[in-house]
Amino acid sequence: MGKIKFILLIVLSLQIFQVNASDTTLQFQLIHKIQGSFSDFSMDNLGNIFLINNNNQIKKINPQYDSIGVFNDTKRFGKIFSIDVSNPLKLLVYYKDFNTIITLDRFLNIRNSIDLRKQNILQAKAIATSYDNNIWVFDEIDATLKKIDDNGKVILKTADFRLLFEDFLNPEKIIDSDGMLYMYASITGWYIFDYYGALKSKHGFTNWKDVQVINKILMGRNEESIFFSEPKKLMLISNKTNINLKNCIKTIYYKKQIFVLTQEALEVYAQKIPA
């Protein structure tokens with residue numbers, strides 16, 4: 001029931017913003033701020049926040065903004081390139097320079113480490129947790145999507161995407177959500193596949209930042225606007241916002257709130273719904 005209500009709120013919001021053409025600016029109010037110098041952050045589906053500071057430390061913050069865990073193994077594999085927290089019980093920390101993925105439990109203890117070089121994956125920008133609790137990795141050298149297990153063994157491999165799509169470029173983001181696999185490249189847009197590797201749709205929404213998929217709605221932003229798209233309806237809605245997005249490092253939209261990372265803090269904004 002909670003998921004249905006959330007979908008209805010998103011769809012209702014999209015309809016309001018589309019119809020109310022005289023004022024399409026989304027209004028948000030600052031409700032909280034976490035001071036600090038952070039290089040990146042992510043959020044799981046329980047509302048926990050994972051902040052990466054400039055010393056490569058990961059701090060876990062609960063929805064009440066209390067610190068509940070710290071990952072301090074900061075020097076072994078160099079700088080953290082990305083984290084995937086879509087499974088709150090199995091976090092992926094990716095060190096691109098060493099082609100190594102560390103898996104953490106919910107207490108931020110190391111469960112396992114995977115050296116991608118042992119599987120001849122020498123260059124990968126995008127990784128993600130798969131629906132069956134394995135790991136998606138896009139191999140940039142041979143332009144293939146691979147699924148690996150916790151031991152790093154390749155259990156699925158697609159064909160070379162460059163042979164399938166003339167305009168294909170290596171994705172910057174992989175998202176496994178709602179029974180579909182989404183890949184996004186800022187120059188060419190979205191590619192949406194089923195789990196067998198069949199292309200279901202392609203959407204040329206380019207130059208989006210901080211892309212997300214929430215209940216099959218594509219989301220992203222640029223320096224001025226927030227974008228929503230429902231692929232089945234071929235609908236794209238662009239809304240400006242009263243939040244200054246020009247100098248922010250990263251944003252995440254979560255349950256009618258926007259989390260905005262700046263040089264000085266992580267700012268939390270609540271959305272004002274039009275009367």
# chains A, B, ... in the order shown; residues from 1 in each chain; ligands from 1

$ residues_around --residues "region 170-175 of chain A" --least-positions-apart "3" --cutoff "7 Å" --atoms "only C-alpha atoms" --output "NGL selection string"
:A and (125-128 or 140 or 143 or 181-185)

$ write_last_selection --atoms "C-alpha atoms" --output "JSON list (two decimals), in the first residue's frame"
[["chain", "number", "residue", "atom", "x", "y", "z"],
["A", 125, "LYS", "CA", 33.24, 2.63, -14.82],
["A", 126, "ALA", "CA", 29.78, 1.35, -13.90],
["A", 127, "ILE", "CA", 28.83, -1.39, -11.42],
["A", 128, "ALA", "CA", 25.55, -2.20, -9.66],
["A", 140, "GLU", "CA", 34.59, -0.96, -21.19],
["A", 143, "ALA", "CA", 31.80, -3.24, -24.37],
["A", 181, "LEU", "CA", 18.06, -3.06, -16.28],
["A", 182, "TYR", "CA", 18.75, 0.60, -17.06],
["A", 183, "MET", "CA", 21.99, 1.96, -18.47],
["A", 184, "TYR", "CA", 22.69, 5.64, -18.95],
["A", 185, "ALA", "CA", 25.35, 7.42, -21.00]]

$ residues_around --residues "Ser177 (chain A)" --least-positions-apart "5" --cutoff "9 Å" --atoms "only C-alpha atoms" --output "list in words"
Ser130, Tyr131, Tyr182, Val213, Ile214, Asn215 and Lys216 of chain A

$ write_last_selection --atoms "N, CA and C atoms" --output "tab-separated table (two decimals), in the first residue's frame"
chain	number	residue	atom	x	y	z
A	130	SER	N	22.77	-6.60	-8.64
A	130	SER	CA	21.73	-7.18	-9.49
A	130	SER	C	20.55	-7.64	-8.65
A	131	TYR	N	19.44	-7.91	-9.33
A	131	TYR	CA	18.20	-8.32	-8.66
A	131	TYR	C	18.38	-9.60	-7.86
A	182	TYR	N	18.62	-0.71	-16.43
A	182	TYR	CA	18.75	0.60	-17.06
A	182	TYR	C	20.23	0.96	-17.14
A	213	VAL	N	16.14	5.91	-11.09
A	213	VAL	CA	14.91	5.28	-11.56
A	213	VAL	C	14.07	4.98	-10.33
A	214	ILE	N	12.85	5.55	-10.27
A	214	ILE	CA	11.95	5.32	-9.15
A	214	ILE	C	10.62	4.85	-9.70
A	215	ASN	N	10.30	3.58	-9.42
A	215	ASN	CA	9.04	3.01	-9.92
A	215	ASN	C	8.87	3.22	-11.42
A	216	LYS	N	9.95	2.92	-12.16
A	216	LYS	CA	10.00	2.98	-13.62
A	216	LYS	C	9.92	4.40	-14.19

$ closest_residue --among "A:Glu166, A:Asn99, A:Leu104, A:Asn151" --to "Asp139 (chain A)" --atoms "only C-alpha atoms"
A:Asn99

$ atom_distance --atom1 "CA of Leu116 (chain A)" --atom2 "CA of Asp176 (chain A)"
20.1 Å

$ closest_residue --among "A:Leu30, A:Val268, A:Ala159, A:Ile192" --to "Lys232 (chain A)" --atoms "only C-alpha atoms"
A:Ile192

$ residues_around --residues "Ser82 (chain A)" --least-positions-apart "4" --cutoff "9 Å" --atoms "only C-alpha atoms" --output "PyMOL selection string"
chain A and resi 40-41+92-96+125-127

$ select_by_dssp --residues "region 30-257 of chain A" --states "alpha helix (DSSP H)" --output "compact mmCIF listing (two decimals) with C-alpha atoms, in the first residue's frame"
# COMPACT_ATOMS: atom_id res chain seq x y z
CA PHE A 161 27.10 -3.61 -27.47
CA ARG A 162 29.04 -1.77 -30.18
CA LEU A 163 27.92 -4.44 -32.64
CA LEU A 164 24.30 -4.13 -31.53

$ residues_around --residues "Glu223 (chain A)" --least-positions-apart "2" --cutoff "10 Å" --atoms "only C-alpha atoms" --output "list of chain:residue names"
A:Trp208, A:Lys209, A:Arg221, A:Ser225, A:Ile226, A:Lys240, A:Asn244, A:Leu245, A:Lys246, A:Asn247, A:Cys248

$ write_last_selection --atoms "C-alpha atoms" --output "tab-separated table (two decimals), in the first residue's frame"
chain	number	residue	atom	x	y	z
A	208	TRP	CA	21.46	14.42	-17.45
A	209	LYS	CA	23.26	14.32	-14.12
A	221	ARG	CA	18.81	17.01	-13.64
A	225	SER	CA	16.06	21.86	-13.96
A	226	ILE	CA	14.89	18.51	-12.67
A	240	LYS	CA	13.01	24.42	-12.63
A	244	ASN	CA	20.59	26.42	-6.68
A	245	LEU	CA	21.83	23.40	-8.64
A	246	LYS	CA	24.69	25.09	-10.47
A	247	ASN	CA	27.43	24.45	-7.94
A	248	CYS	CA	26.15	21.34	-6.21

$ residues_around --residues "Gln212 (chain A)" --least-positions-apart "5" --cutoff "9 Å" --atoms "only C-alpha atoms" --output "mmCIF file with N, CA and C atoms, in the first residue's frame"
data_model
loop_
_atom_site.group_PDB
_atom_site.id
_atom_site.type_symbol
_atom_site.label_atom_id
_atom_site.label_comp_id
_atom_site.auth_asym_id
_atom_site.auth_seq_id
_atom_site.Cartn_x
_atom_site.Cartn_y
_atom_site.Cartn_z
ATOM 1 N N ILE A 175 21.499 0.712 -13.388
ATOM 2 C CA ILE A 175 20.491 0.630 -12.334
ATOM 3 C C ILE A 175 19.629 -0.594 -12.580
ATOM 4 N N ILE A 217 10.037 5.390 -13.343
ATOM 5 C CA ILE A 217 10.127 6.775 -13.796
ATOM 6 C C ILE A 217 11.595 7.177 -13.831
ATOM 7 N N LEU A 218 12.049 7.644 -14.994
ATOM 8 C CA LEU A 218 13.428 8.096 -15.148
ATOM 9 C C LEU A 218 13.551 9.504 -14.572
ATOM 10 N N MET A 219 14.638 9.729 -13.843
ATOM 11 C CA MET A 219 14.835 11.036 -13.240
ATOM 12 C C MET A 219 16.272 11.489 -13.428
ATOM 13 N N GLY A 220 16.478 12.794 -13.440
ATOM 14 C CA GLY A 220 17.808 13.368 -13.560
ATOM 15 C C GLY A 220 17.714 14.877 -13.451
ATOM 16 N N ILE A 252 20.142 13.684 -4.842
ATOM 17 C CA ILE A 252 19.338 12.465 -4.839
ATOM 18 C C ILE A 252 17.927 12.844 -4.438
ATOM 19 N N TYR A 253 16.956 12.388 -5.236
ATOM 20 C CA TYR A 253 15.542 12.601 -4.936
ATOM 21 C C TYR A 253 15.046 11.390 -4.163
#

$ atom_distance --atom1 "CA of Leu199 (chain A)" --atom2 "CA of Thr144 (chain A)"
13.9 Å

$ residues_around --residues "Gln271 (chain A)" --least-positions-apart "6" --cutoff "7 Å" --atoms "only C-alpha atoms" --output "CSV table (one decimal) with C-alpha atoms, in the first residue's frame"
chain,number,residue,atom,x,y,z
A,27,GLN,CA,9.4,24.7,-4.5
A,28,PHE,CA,11.5,23.2,-1.8
A,29,GLN,CA,12.3,24.2,1.8
A,256,LYS,CA,9.5,14.1,-2.0
A,257,GLN,CA,12.8,15.3,-0.6

$ residues_around --residues "Ser37 (chain A)" --least-positions-apart "5" --cutoff "8 Å" --atoms "only C-alpha atoms" --output "VMD selection string"
chain A and resid 53 to 54 263 to 265
